[in-house]
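J.: I'd like to ask some things about the structure below.
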Number of protein chains: 2
Amino acid sequence: MKMPRKLVIIGGGVAGTSAALQARKVDRDAEITLINREKHPEYSRCGLPHLISGIISKPESLIVHSQAALEQMMKIKLLLETEAVKIDMNEKIVTAKNVRTNRQTQHPFDSLVLATGAKPSTPPIEGLNGKSGVYKLRTLEDAFEIAEAARASRSAAILGGSLIGMELAEALTRLGLKVTLIHRSSEILSPMLDPDMGRLVRLKAEDEGVKFMLETTILKVAGERKIEAVETANGEILPVDMLIITTGTDPDVDLAVRSGLKIGRNRGIVVDSRMCAGVEGVYAAGDCVEYQDAVSGEPSLIQLGTVAVRMGRVAGANAAGAHEIMPPLAGTTTANLFGLEIGSVGLTMRDIQRRGLPPPKFGKASTLTKPEYYPGGKPITMKVLVNPESLKIMGGQAVGGENVAQRINVLALAIQQNLKIDALMKLETCYAPSVAPIWDPLILSAENAYRKLKFE
Amino acid sequence: MKMPRKLVIIGGGVAGTSAALQARKVDRDAEITLINREKHPEYSRCGLPHLISGIISKPESLIVHSQAALEQMMKIKLLLETEAVKIDMNEKIVTAKNVRTNRQTQHPFDSLVLATGAKPSTPPIEGLNGKSGVYKLRTLEDAFEIAEAARASRSAAILGGSLIGMELAEALTRLGLKVTLIHRSSEILSPMLDPDMGRLVRLKAEDEGVKFMLETTILKVAGERKIEAVETANGEILPVDMLIITTGTDPDVDLAVRSGLKIGRNRGIVVDSRMCAGVEGVYAAGDCVEYQDAVSGEPSLIQLGTVAVRMGRVAGANAAGAHEIMPPLAGTTTANLFGLEIGSVGLTMRDIQRRGLPPPKFGKASTLTKPEYYPGGKPITMKVLVNPESLKIMGGQAVGGENVAQRINVLALAIQQNLKIDALMKLETCYAPSVAPIWDPLILSAENAYRKLKFE
C-alpha cells in the first residue's frame, strides 16, 4: 500500500488556504496540515475596512471556510494560533509552536507550501513605542481594535495614502471622525494610479471631508501614555485621538531566510513558474512571493488578494503532484472610494520609469457612462499607457461612476495576451442607451493614445 | 487646381452620418452630400423605446448632430425628406426625389456610400390592411405615434420577442398597459440568448406583469376600422387596443438591387473588407450590409448600432481616399430589461447549429456580483460557448444585476482576438468586496466549460 502524501502548508490566509483546498482536489488521500498563526481560519482581509465602517455587520461572515468545513468536509488539519518556527529541509520536518501554550509540535512533509504573507512596515517615528492609540490594519483583531477606538475618538491621522489608507479614511469619515491623511508622495494611490488620476480620487475625498497632507510624513508623536498629536516633517503639529499606520507591507520571509530559500530584489521569495521556491517539493505563494509581471517580465511584488488566491491554487496543486503554471501577473485591482469606482492594471508611469522601460504614450478620455440624452450617466476617466515601440498596452487606469472593474478586466485580458493598442481601438463594445455609450471610454482612450503615437 | 472630391452618401442614419463625418476628417475639401429620407437628422434609434416609456423626455435630445452642426461646422450638405431613387453607375450620378414635393435632383459623385438601412418586416396577417391601431417601430415618427396611442390604450399585443419587442413590452408596462408578447420561438430573445438564458429574462418580465404566448404567431386581426383583437395560430383570441409588430427588419436593398450591386445569401449587400460593394468607388455600410462574423468567418447580418457606426466610419474614410479595414464582427450587444442587464456576443447555440459548426461545450455560472458577506450583490448568470476542437470561444451570454456589458466586452475582445478558453480561465480579474467577487462569473463559467471539455 502506498503511503499518503504528507503536505504541510505554512500560513492560513488566502494563499495558504487556497493551496490546501486545491491540493485536496488534486489528491484525495493526502494528509494536509494547515498551520495558521491567527485565531480564526482564513477571512477576507479586503473586507476589514468595511467591518470597521459598519457596512459589514457580522465579522464571522468574513470567514470563507469555517474550521468545521475545512476539517470535516475537506479533511484538512487546521492548526490555529500556531506558528511555524523552523523548517528542516534535509529531514523534511516543520517545527511549529502554539503561540499561547508555547508547546512545540513536529510536522514531517513530502511537500511544503510557504504562504507566510506580509507584515505591516513601521516607519521610524519618534515617541511611538509603548504609546496607545496607534494602530495598523492587517488582522481581524486589528480591525476590532480600530473599530473600538474609533467609537471613542473624534479625530484620526492616517499615515500612508495607498488603497488601505484611503479605505480607512472613508470608513472613519463615515463613522463621524475628522480624518487627516498624510502621504509621502505628491499624490495619493501612487502604487496604482498616476498623479492625474489619483488627484480625481483625492478631490472627491476632500469633498467628503478628508484633509490631506501630501509630500510629507510623520516624524514624531506626542502624548503621555496615549497619542495626543502627530508632528510632520514640515513642522505641522496635528492634534489627533488616534493614528493608523498604513505605509505598506513587507513580505514576511523570516522563516524562508532561516530555511535557506532565495530572496529576490523585491524582498520576496523567488519562485519558478510552478511556484517552486528552489528546493524540490517546496513551494511558496501569496504576499511573501515576488513574481514576474506581464508587462516588463521582471520580478515584482504584487500583494493583492486576486494574485494570492491564484498563486495558492497553483502552489497547492503542484505540491499535490500536478503540473500547473502560474501566468505572469497583470496586477488587476479595483476599489470603491467615496462612491467613486477606481481600477488599475499593469504598470503606472512611475513603475515604467523605475524599470527603465520606454516612456509610454498615454491616451486619456473623460466621458459619461451612458449617452448624454439618457439620464443617470456618470463621469468616468480612463487612461491607457502604450509602449511607443511595440505598441503594446503597458497599463490602464480608470476613475469614475460605474462599471470600472470590468473595463479594467478588458485591459487585463489585453495585457495578459500581449495585445497591441489597435486591438482595443477595434473592440466592438456593447452599446445600449440605458447601459453604455456607443463609444466606450475604453475605445476613446485607445484612440487618444493612437493619435499621440501617430502625430507626436 | 485639383477639383474637390464629390462624395454622396445615401441614408442619414447612424452608418450614413458616421460615414459623412469620417469622410470629412479624412478629406477637408470634399463636397459631401448626405441624402436622408427622414424628417430629422440622425437620431439614436436605440433611444426610441425610452422615449415611448417617458424615461427620455426630450425627443430632440436624441438627435446627435443637428442640421446646423452638420452643415455649418462639418460642411456636410444634408438633404432631409429626400430619397435616392436611381444610381447611374456609368455616369456616376444619383437621382434623388424630395418626398413631399416630388421634385427630382441630380447628384454627381466620385465616390458613393450606400447606407439605406433596413425596413421592418411585415408577416402575412389577415385583416391587417387599412386598420388603425397597428404599429411598427423604426423611426422617430413611429415612436411618437406609439406614445400617443399608448396614452389612449389599456392593452397591447406585441408580435416578436426580440430586443426591440421586449423593450417595448417594458415601456408599455411602465405606462400602465396590459401587455401580451407573442413570439414564434420557444423562448424570447432567441437571436441573442440561448433558451435557458432567455428564460431568465422572461421570468423577470412575467413578474413585472407581461404575459407571454410562445411558439405561436398572429394569423388574423379583428375590428372594424380599428384593431379590436388578435387571433393566434393556436386559436386564441386576445382583445387588444393596439398591436406593435416587431418581427425583425429586412435589409433595405431595393436601390442596391436596381443598381446591379451583389446581394448575399443573408439578403444584405455584399462588401469586401474595405466596405467596397464590388464597384470601384462604391461602398456600403450599416443594416443593409452583410459581413463576416468573427467566429465562423461567414457572412452574417448583424444589425446593431455598434456595427453600423463602425462600418460607416470605415466606408466613409475609404470613400474619402483612406485605406481602412473593417474587422470581422463580434456582434456585441446589451440591454437593460426590467432592471435586468443582459448581454451577448458571438454566436448562440442556434447560430452554431445553423452554420453546421462543431457543437460547442458550454460553461455556465450563477453567482453574485459581490462576495456573499458584502451587502448589495446581485445574482448574475454567465454562459460561455467553446469550440471543442479548437478550444476557441464561440460566444458568451450574461443575464443579471450589474456590470454585464463590460463582462461581455471582455468576451468580445477574446472572440475578436481568437483566444482560447484558457485565456479566460487565467484572466486576472478585479476583486474588491464592494465591487466584484474574487472569482468573477467570467472565470467560473470558463472553468465550468473547461471541466466539460476535459471530462465529458
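Following the order of the C-alpha cells, first chain is A, next is B, and so on, with residues numbered from 1 inside each chain and ligands from 1 in the order they appear.
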Please provide chain B as a short mmCIF file (atom, residue, chain, number, x, y, z; two decimals) with C-alpha atoms, in the first residue's frame, once it has been superposed on chain A by least squares across all sequentially paired Cα atoms.
T.:
data_model
loop_
_atom_site.label_atom_id
_atom_site.label_comp_id
_atom_site.auth_asym_id
_atom_site.auth_seq_id
_atom_site.Cartn_x
_atom_site.Cartn_y
_atom_site.Cartn_z
CA MET B 1 -0.13 0.05 -0.03
CA LYS B 2 1.16 3.50 -0.96
CA MET B 3 1.67 5.88 1.94
CA PRO B 4 -0.45 9.02 1.61
CA ARG B 5 1.43 12.16 0.64
CA LYS B 6 2.19 14.47 3.61
CA LEU B 7 1.58 18.09 2.70
CA VAL B 8 2.29 20.96 5.09
CA ILE B 9 1.18 24.52 4.40
CA ILE B 10 2.55 27.37 6.46
CA GLY B 11 0.17 30.30 6.56
CA GLY B 12 -3.62 30.17 6.73
CA GLY B 13 -4.48 33.30 4.76
CA VAL B 14 -5.98 33.28 1.30
CA ALA B 15 -2.87 31.87 -0.44
CA GLY B 16 -2.35 29.08 2.12
CA THR B 17 -6.00 28.14 2.35
CA SER B 18 -6.41 28.11 -1.44
CA ALA B 19 -3.30 25.92 -1.64
CA ALA B 20 -4.79 23.48 0.86
CA LEU B 21 -8.15 23.33 -0.91
CA GLN B 22 -6.59 22.89 -4.34
CA ALA B 23 -4.22 20.20 -3.05
CA ARG B 24 -7.25 18.32 -1.73
CA LYS B 25 -8.88 18.50 -5.17
CA VAL B 26 -5.77 17.04 -6.80
CA ASP B 27 -5.00 14.37 -4.18
CA ARG B 28 -7.95 12.89 -2.27
CA ASP B 29 -5.73 10.90 0.08
CA ALA B 30 -3.03 13.41 1.04
CA GLU B 31 -2.56 14.31 4.70
CA ILE B 32 -2.85 18.08 4.58
CA THR B 33 -1.84 20.23 7.55
CA LEU B 34 -2.52 23.97 7.49
CA ILE B 35 -0.53 25.95 10.06
CA ASN B 36 -2.16 29.30 10.82
CA ARG B 37 -0.79 31.74 13.40
CA GLU B 38 -4.07 33.62 13.61
CA LYS B 39 -7.04 32.95 15.90
CA HIS B 40 -9.49 32.43 13.06
CA PRO B 41 -9.47 30.45 9.83
CA GLU B 42 -8.99 32.46 6.62
CA TYR B 43 -11.16 35.54 6.40
CA SER B 44 -11.51 38.22 3.73
CA ARG B 45 -8.75 40.69 4.54
CA CYS B 46 -10.16 43.11 1.97
CA GLY B 47 -13.40 43.16 3.97
CA LEU B 48 -11.77 44.61 7.09
CA PRO B 49 -12.24 48.32 6.26
CA HIS B 50 -15.93 47.60 5.66
CA LEU B 51 -16.16 45.86 9.02
CA ILE B 52 -14.75 49.00 10.64
CA SER B 53 -17.17 51.25 8.74
CA GLY B 54 -20.08 49.05 9.81
CA ILE B 55 -21.17 48.17 6.24
CA ILE B 56 -20.38 44.57 7.13
CA SER B 57 -22.00 43.92 10.49
CA LYS B 58 -21.09 40.30 11.17
CA PRO B 59 -17.35 39.61 11.46
CA GLU B 60 -17.95 35.86 11.17
CA SER B 61 -19.40 36.39 7.69
CA LEU B 62 -15.85 37.29 6.55
CA ILE B 63 -14.70 33.74 7.30
CA VAL B 64 -14.97 31.94 3.98
CA HIS B 65 -14.38 28.35 5.15
CA SER B 66 -15.11 27.57 8.79
CA GLN B 67 -12.81 25.31 10.80
CA ALA B 68 -15.51 22.62 10.67
CA ALA B 69 -15.80 22.91 6.87
CA LEU B 70 -12.04 22.70 6.40
CA GLU B 71 -11.59 19.81 8.80
CA GLN B 72 -14.71 17.70 8.27
CA MET B 73 -15.58 18.34 4.64
CA MET B 74 -12.14 18.92 3.17
CA LYS B 75 -10.19 16.75 5.64
CA ILE B 76 -7.63 19.49 6.18
CA LYS B 77 -5.96 19.53 9.62
CA LEU B 78 -6.10 23.17 10.69
CA LEU B 79 -3.78 24.34 13.47
CA LEU B 80 -4.87 27.78 14.67
CA GLU B 81 -2.72 30.14 16.77
CA THR B 82 0.23 28.09 15.66
CA GLU B 83 3.44 29.47 14.18
CA ALA B 84 6.00 27.56 12.15
CA VAL B 85 9.37 28.31 13.74
CA LYS B 86 11.76 26.05 11.84
CA ILE B 87 11.98 24.07 8.62
CA ASP B 88 14.48 21.21 8.44
CA MET B 89 14.91 20.91 4.67
CA ASN B 90 17.03 17.73 4.91
CA GLU B 91 14.79 15.78 7.26
CA LYS B 92 11.69 17.46 5.78
CA ILE B 93 10.18 18.44 9.10
CA VAL B 94 8.44 21.68 10.10
CA THR B 95 8.61 22.60 13.79
CA ALA B 96 5.66 24.67 14.95
CA LYS B 97 4.77 26.34 18.21
CA ASN B 98 1.40 27.14 19.73
CA VAL B 99 1.54 30.89 20.35
CA ARG B 100 -0.46 30.68 23.60
CA THR B 101 0.96 27.53 25.20
CA ASN B 102 4.41 27.65 23.55
CA ARG B 103 4.09 23.89 23.09
CA GLN B 104 6.10 22.68 20.09
CA THR B 105 4.98 20.09 17.54
CA GLN B 106 6.75 18.44 14.60
CA HIS B 107 5.24 18.05 11.14
CA PRO B 108 7.04 15.85 8.62
CA PHE B 109 6.28 16.66 4.99
CA ASP B 110 6.70 15.34 1.47
CA SER B 111 5.86 18.71 0.07
CA LEU B 112 5.58 22.14 1.63
CA VAL B 113 3.91 25.44 0.75
CA LEU B 114 5.11 28.68 2.34
CA ALA B 115 2.33 31.25 2.43
CA THR B 116 3.61 33.42 5.27
CA GLY B 117 2.11 36.61 3.87
CA ALA B 118 3.32 40.07 4.75
CA LYS B 119 3.62 42.28 7.79
CA PRO B 120 2.86 45.98 8.04
CA SER B 121 6.01 48.06 7.72
CA THR B 122 6.67 50.53 10.54
CA PRO B 123 8.44 53.74 9.60
CA PRO B 124 10.87 55.31 12.12
CA ILE B 125 8.69 57.67 14.18
CA GLU B 126 9.92 59.20 17.42
CA GLY B 127 7.85 58.54 20.52
CA LEU B 128 5.84 55.69 19.04
CA ASN B 129 6.94 52.98 21.46
CA GLY B 130 4.52 51.90 24.13
CA LYS B 131 1.99 54.56 23.28
CA SER B 132 -1.67 53.58 22.94
CA GLY B 133 -3.91 54.96 20.21
CA VAL B 134 -1.56 53.81 17.42
CA TYR B 135 -2.83 51.12 15.07
CA LYS B 136 -2.06 49.12 11.99
CA LEU B 137 -4.56 47.09 9.96
CA ARG B 138 -3.65 43.56 8.98
CA THR B 139 -5.71 41.11 11.02
CA LEU B 140 -9.30 40.72 12.16
CA GLU B 141 -8.15 41.62 15.69
CA ASP B 142 -6.57 44.83 14.34
CA ALA B 143 -9.95 45.70 12.81
CA PHE B 144 -11.78 45.09 16.10
CA GLU B 145 -9.29 47.36 17.92
CA ILE B 146 -9.63 50.16 15.36
CA ALA B 147 -13.43 49.91 15.38
CA GLU B 148 -13.49 50.15 19.16
CA ALA B 149 -11.03 53.04 19.28
CA ALA B 150 -12.96 54.89 16.56
CA ARG B 151 -16.11 54.83 18.67
CA ALA B 152 -14.24 56.74 21.39
CA SER B 153 -12.40 59.16 19.06
CA ARG B 154 -13.22 62.38 17.32
CA SER B 155 -10.19 62.66 15.06
CA ALA B 156 -7.70 60.38 13.38
CA ALA B 157 -4.50 60.65 11.37
CA ILE B 158 -3.75 58.02 8.75
CA LEU B 159 -0.17 57.69 7.58
CA GLY B 160 0.01 56.31 4.04
CA GLY B 161 -2.20 57.09 1.05
CA SER B 162 -2.39 53.68 -0.55
CA LEU B 163 -5.65 51.78 -1.03
CA ILE B 164 -5.96 50.56 2.54
CA GLY B 165 -5.24 54.04 3.91
CA MET B 166 -7.92 55.51 1.70
CA GLU B 167 -10.42 52.79 2.60
CA LEU B 168 -9.78 53.55 6.27
CA ALA B 169 -10.17 57.28 5.62
CA GLU B 170 -13.59 56.55 4.15
CA ALA B 171 -14.59 54.18 6.96
CA LEU B 172 -13.62 56.62 9.72
CA THR B 173 -15.23 59.59 7.94
CA ARG B 174 -18.39 57.52 7.70
CA LEU B 175 -18.18 56.97 11.48
CA GLY B 176 -18.05 60.73 12.00
CA LEU B 177 -14.33 61.21 12.72
CA LYS B 178 -12.31 64.13 11.41
CA VAL B 179 -9.71 62.38 9.26
CA THR B 180 -6.34 63.67 8.06
CA LEU B 181 -4.36 61.53 5.64
CA ILE B 182 -0.61 62.06 5.43
CA HIS B 183 1.21 60.66 2.40
CA ARG B 184 4.83 60.99 1.31
CA SER B 185 4.17 61.18 -2.44
CA SER B 186 2.81 64.13 -4.37
CA GLU B 187 -0.48 62.33 -4.85
CA ILE B 188 -2.44 59.51 -3.20
CA LEU B 189 -2.80 55.93 -4.50
CA SER B 190 0.56 56.22 -6.27
CA PRO B 191 1.07 52.44 -6.41
CA MET B 192 -1.94 52.06 -8.68
CA LEU B 193 -2.78 55.43 -10.21
CA ASP B 194 -0.74 58.15 -11.93
CA PRO B 195 -0.93 61.53 -10.15
CA ASP B 196 -3.50 62.95 -12.61
CA MET B 197 -5.82 60.03 -11.86
CA GLY B 198 -5.12 59.85 -8.10
CA ARG B 199 -5.98 63.54 -7.92
CA LEU B 200 -9.57 62.83 -9.02
CA VAL B 201 -10.00 60.49 -6.07
CA ARG B 202 -8.40 62.95 -3.63
CA LEU B 203 -10.70 65.77 -4.77
CA LYS B 204 -13.70 63.55 -4.16
CA ALA B 205 -12.39 62.55 -0.71
CA GLU B 206 -11.80 66.22 0.12
CA ASP B 207 -15.40 66.95 -0.85
CA GLU B 208 -16.39 64.27 1.64
CA GLY B 209 -14.37 65.93 4.40
CA VAL B 210 -10.96 64.21 4.40
CA LYS B 211 -7.97 66.52 4.87
CA PHE B 212 -4.76 65.68 3.04
CA MET B 213 -1.13 66.48 3.82
CA LEU B 214 0.97 65.37 0.85
CA GLU B 215 4.73 65.12 0.26
CA THR B 216 5.39 64.77 3.97
CA THR B 217 5.48 62.18 6.70
CA ILE B 218 5.16 61.88 10.47
CA LEU B 219 8.41 62.35 12.37
CA LYS B 220 7.14 62.37 15.97
CA VAL B 221 4.10 61.57 18.03
CA ALA B 222 3.26 63.45 21.22
CA GLY B 223 1.29 62.38 24.27
CA GLU B 224 1.83 60.68 27.62
CA ARG B 225 0.58 57.10 27.53
CA LYS B 226 -1.83 57.78 24.73
CA ILE B 227 -1.16 59.58 21.47
CA GLU B 228 -2.31 63.24 21.51
CA ALA B 229 -0.76 64.73 18.38
CA VAL B 230 1.46 63.95 15.41
CA GLU B 231 4.26 66.17 14.09
CA THR B 232 5.00 66.13 10.37
CA ALA B 233 8.33 66.54 8.56
CA ASN B 234 7.36 70.07 7.59
CA GLY B 235 6.76 71.03 11.20
CA GLU B 236 3.00 70.93 11.44
CA ILE B 237 1.52 69.65 14.67
CA LEU B 238 -1.84 67.95 14.33
CA PRO B 239 -3.80 66.99 17.46
CA VAL B 240 -5.43 63.58 16.97
CA ASP B 241 -7.14 60.91 19.08
CA MET B 242 -5.75 58.02 17.06
CA LEU B 243 -3.14 57.22 14.40
CA ILE B 244 -3.29 54.37 11.89
CA ILE B 245 -0.10 53.50 10.06
CA THR B 246 -0.69 52.07 6.56
CA THR B 247 2.67 52.61 4.91
CA GLY B 248 2.67 49.28 3.10
CA THR B 249 3.58 45.74 3.97
CA ASP B 250 6.86 43.84 3.74
CA PRO B 251 6.92 40.19 2.65
CA ASP B 252 7.19 38.03 5.76
CA VAL B 253 10.24 36.00 4.78
CA ASP B 254 11.96 35.46 8.16
CA LEU B 255 11.33 31.73 8.11
CA ALA B 256 12.20 31.46 4.41
CA VAL B 257 15.53 33.22 5.04
CA ARG B 258 16.31 31.01 8.02
CA SER B 259 15.51 27.99 5.87
CA GLY B 260 17.94 29.02 3.15
CA LEU B 261 15.42 29.95 0.46
CA LYS B 262 16.40 32.58 -2.09
CA ILE B 263 15.05 36.11 -1.57
CA GLY B 264 14.81 38.45 -4.57
CA ARG B 265 15.49 42.13 -5.08
CA ASN B 266 11.90 43.00 -4.15
CA ARG B 267 12.42 41.23 -0.79
CA GLY B 268 10.06 38.40 -1.75
CA ILE B 269 10.72 34.67 -2.03
CA VAL B 270 11.96 33.75 -5.52
CA VAL B 271 9.88 31.07 -7.26
CA ASP B 272 9.75 29.48 -10.72
CA SER B 273 6.62 29.32 -12.89
CA ARG B 274 5.38 26.29 -10.90
CA MET B 275 5.72 28.38 -7.70
CA CYS B 276 8.61 26.13 -6.62
CA ALA B 277 10.93 28.04 -4.27
CA GLY B 278 14.18 26.47 -5.53
CA VAL B 279 14.08 23.32 -3.35
CA GLU B 280 12.29 20.27 -4.75
CA GLY B 281 8.89 19.87 -3.16
CA VAL B 282 8.95 23.32 -1.57
CA TYR B 283 6.56 25.93 -2.95
CA ALA B 284 5.65 29.47 -1.99
CA ALA B 285 2.61 31.65 -2.72
CA GLY B 286 0.96 34.94 -1.85
CA ASP B 287 2.21 38.21 -0.40
CA CYS B 288 5.60 36.69 0.60
CA VAL B 289 6.49 35.94 -3.04
CA GLU B 290 7.81 38.04 -5.91
CA TYR B 291 6.88 37.03 -9.44
CA GLN B 292 7.24 38.36 -12.96
CA ASP B 293 4.72 40.92 -14.13
CA ALA B 294 3.06 40.57 -17.53
CA VAL B 295 4.31 43.91 -18.87
CA SER B 296 8.03 44.01 -18.03
CA GLY B 297 8.60 40.30 -17.41
CA GLU B 298 10.64 41.31 -14.37
CA PRO B 299 10.07 40.06 -10.81
CA SER B 300 7.57 42.27 -9.01
CA LEU B 301 5.93 42.34 -5.62
CA ILE B 302 2.19 42.43 -6.32
CA GLN B 303 0.44 41.96 -2.99
CA LEU B 304 -3.19 41.50 -3.98
CA GLY B 305 -5.83 39.01 -2.91
CA THR B 306 -6.53 38.11 -6.56
CA VAL B 307 -2.87 37.24 -7.06
CA ALA B 308 -2.54 35.38 -3.73
CA VAL B 309 -5.54 33.15 -4.40
CA ARG B 310 -4.25 32.26 -7.88
CA MET B 311 -0.70 31.61 -6.67
CA GLY B 312 -2.09 29.50 -3.83
CA ARG B 313 -4.04 27.33 -6.23
CA VAL B 314 -1.01 26.69 -8.45
CA ALA B 315 1.31 26.02 -5.49
CA GLY B 316 -1.22 23.72 -3.81
CA ALA B 317 -1.91 21.76 -7.01
CA ASN B 318 1.80 21.28 -7.70
CA ALA B 319 2.54 20.36 -4.08
CA ALA B 320 -0.06 17.61 -4.54
CA GLY B 321 1.59 16.27 -7.69
CA ALA B 322 0.01 18.29 -10.52
CA HIS B 323 1.93 20.37 -13.03
CA GLU B 324 0.35 23.81 -13.15
CA ILE B 325 1.90 27.01 -14.43
CA MET B 326 1.37 30.49 -12.96
CA PRO B 327 0.93 33.11 -15.69
CA PRO B 328 2.74 36.45 -15.37
CA LEU B 329 0.87 38.97 -13.24
CA ALA B 330 -1.32 41.76 -14.59
CA GLY B 331 -1.81 43.35 -11.18
CA THR B 332 -5.53 43.97 -11.72
CA THR B 333 -7.04 45.94 -8.86
CA THR B 334 -10.21 47.84 -8.05
CA ALA B 335 -11.98 49.62 -5.21
CA ASN B 336 -14.88 51.87 -4.46
CA LEU B 337 -13.81 55.00 -2.58
CA PHE B 338 -16.40 57.56 -1.52
CA GLY B 339 -18.76 56.25 -4.21
CA LEU B 340 -16.07 56.54 -6.88
CA GLU B 341 -15.11 53.27 -8.54
CA ILE B 342 -11.42 53.06 -9.33
CA GLY B 343 -9.33 50.46 -11.08
CA SER B 344 -5.84 49.80 -12.31
CA VAL B 345 -3.93 47.14 -14.21
CA GLY B 346 -0.37 46.74 -15.45
CA LEU B 347 2.25 49.39 -14.77
CA THR B 348 1.88 53.07 -13.84
CA MET B 349 4.04 55.82 -15.35
CA ARG B 350 6.20 55.65 -12.23
CA ASP B 351 6.60 51.86 -12.47
CA ILE B 352 7.64 52.19 -16.10
CA GLN B 353 10.19 54.89 -15.30
CA ARG B 354 11.64 52.90 -12.40
CA ARG B 355 12.08 49.81 -14.56
CA GLY B 356 13.81 51.82 -17.29
CA LEU B 357 11.23 50.82 -19.91
CA PRO B 358 10.50 53.10 -22.91
CA PRO B 359 8.45 56.14 -21.79
CA PRO B 360 4.89 55.33 -22.86
CA LYS B 361 2.41 57.42 -24.77
CA PHE B 362 -0.78 57.67 -22.83
CA GLY B 363 -4.33 58.09 -24.06
CA LYS B 364 -6.98 59.57 -21.85
CA ALA B 365 -10.73 60.05 -22.14
CA SER B 366 -13.25 61.68 -19.82
CA THR B 367 -16.82 60.90 -20.76
CA LEU B 368 -20.14 59.69 -19.38
CA THR B 369 -21.00 56.04 -18.77
CA LYS B 370 -24.23 56.48 -20.75
CA PRO B 371 -25.19 58.61 -23.78
CA GLU B 372 -25.82 62.25 -22.89
CA TYR B 373 -29.52 62.05 -23.69
CA TYR B 374 -30.11 59.17 -21.26
CA PRO B 375 -30.48 60.11 -17.58
CA GLY B 376 -28.08 58.80 -14.94
CA GLY B 377 -24.78 58.53 -16.78
CA LYS B 378 -21.81 59.12 -14.50
CA PRO B 379 -18.48 60.79 -15.34
CA ILE B 380 -15.63 58.35 -15.92
CA THR B 381 -11.99 58.99 -16.78
CA MET B 382 -9.88 56.27 -18.39
CA LYS B 383 -6.19 56.24 -19.17
CA VAL B 384 -4.23 53.71 -21.15
CA LEU B 385 -0.41 53.53 -21.38
CA VAL B 386 1.16 52.25 -24.59
CA ASN B 387 4.71 51.19 -25.41
CA PRO B 388 5.70 53.52 -28.30
CA GLU B 389 7.99 50.86 -29.82
CA SER B 390 5.96 47.66 -29.60
CA LEU B 391 2.52 49.40 -29.47
CA LYS B 392 1.62 46.97 -26.68
CA ILE B 393 -0.57 48.05 -23.80
CA MET B 394 1.52 48.62 -20.65
CA GLY B 395 -1.13 49.72 -18.20
CA GLY B 396 -4.59 51.12 -17.71
CA GLN B 397 -6.38 53.12 -15.06
CA ALA B 398 -9.94 54.29 -14.51
CA VAL B 399 -11.72 56.55 -12.06
CA GLY B 400 -15.44 57.04 -12.27
CA GLY B 401 -19.00 56.18 -11.62
CA GLU B 402 -19.78 52.65 -12.71
CA ASN B 403 -18.58 49.51 -14.48
CA VAL B 404 -14.95 50.42 -13.88
CA ALA B 405 -13.83 46.98 -12.68
CA GLN B 406 -14.95 45.17 -15.81
CA ARG B 407 -13.42 47.81 -18.08
CA ILE B 408 -10.15 47.16 -16.24
CA ASN B 409 -10.72 43.43 -16.84
CA VAL B 410 -10.83 44.13 -20.59
CA LEU B 411 -7.41 45.81 -20.27
CA ALA B 412 -6.19 42.93 -18.09
CA LEU B 413 -7.02 40.47 -20.86
CA ALA B 414 -5.25 42.72 -23.37
CA ILE B 415 -2.14 42.93 -21.17
CA GLN B 416 -2.07 39.22 -20.31
CA GLN B 417 -2.39 38.37 -24.01
CA ASN B 418 0.26 40.91 -25.10
CA LEU B 419 -2.18 42.76 -27.34
CA LYS B 420 -1.42 45.97 -29.17
CA ILE B 421 -3.41 49.18 -28.90
CA ASP B 422 -5.24 48.53 -32.19
CA ALA B 423 -6.97 45.50 -30.61
CA LEU B 424 -8.54 47.92 -28.16
CA MET B 425 -9.38 50.51 -30.83
CA LYS B 426 -11.16 47.86 -32.86
CA LEU B 427 -13.00 46.36 -29.89
CA GLU B 428 -16.69 46.04 -30.70
CA THR B 429 -18.04 47.21 -27.34
CA CYS B 430 -21.57 46.86 -26.03
CA TYR B 431 -23.94 49.76 -26.60
CA ALA B 432 -27.40 50.50 -25.26
CA PRO B 433 -28.59 53.91 -24.06
CA SER B 434 -29.55 52.55 -20.64
CA VAL B 435 -26.24 50.74 -20.17
CA ALA B 436 -23.22 52.05 -22.10
CA PRO B 437 -22.28 54.78 -24.59
CA ILE B 438 -21.79 54.03 -28.28
CA TRP B 439 -18.09 54.93 -27.97
CA ASP B 440 -16.89 53.39 -24.76
CA PRO B 441 -14.19 55.23 -22.78
CA LEU B 442 -12.05 52.14 -23.44
CA ILE B 443 -12.10 52.97 -27.15
CA LEU B 444 -11.83 56.72 -26.71
CA SER B 445 -8.72 56.42 -24.52
CA ALA B 446 -7.17 53.96 -27.00
CA GLU B 447 -7.88 56.34 -29.90
CA ASN B 448 -6.37 59.21 -27.94
CA ALA B 449 -3.21 57.15 -27.37
CA TYR B 450 -3.11 56.18 -31.04
CA ARG B 451 -3.28 59.81 -32.18
CA LYS B 452 -0.35 60.66 -29.93
CA LEU B 453 1.65 57.68 -31.21
CA LYS B 454 0.98 58.75 -34.77
CA PHE B 455 1.40 62.50 -34.58
CA GLU B 456 3.66 63.34 -31.66
#
J.: Can you pull out every residue from stretch 18-127 of chain A that DSSP, working from the backbone, puts in helix (DSSP H, G or I), and format the result as number ranges by chain?
T.: A: 18-26, 45-53, 59-62, 67-73
J.: Within stretch 141-211 of chain A, find each residue whose DSSP state, derived from the backbone, is strand (DSSP E or B), and express the selection as a compact mmCIF listing (two decimals) with C-alpha atoms, in the first residue's frame.
T.:
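Final output, selection_10.txt:
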# COMPACT_ATOMS: atom_id res chain seq x y z
CA SER A 155 -10.16 62.67 15.07
CA ALA A 156 -7.67 60.38 13.38
CA ALA A 157 -4.48 60.64 11.37
CA ILE A 158 -3.74 58.02 8.75
CA LEU A 159 -0.16 57.69 7.58
CA LYS A 178 -12.29 64.14 11.42
CA VAL A 179 -9.70 62.38 9.26
CA THR A 180 -6.31 63.67 8.07
CA LEU A 181 -4.34 61.53 5.64
CA ILE A 182 -0.59 62.05 5.45
CA HIS A 183 1.22 60.66 2.40
CA LYS A 211 -7.98 66.51 4.89
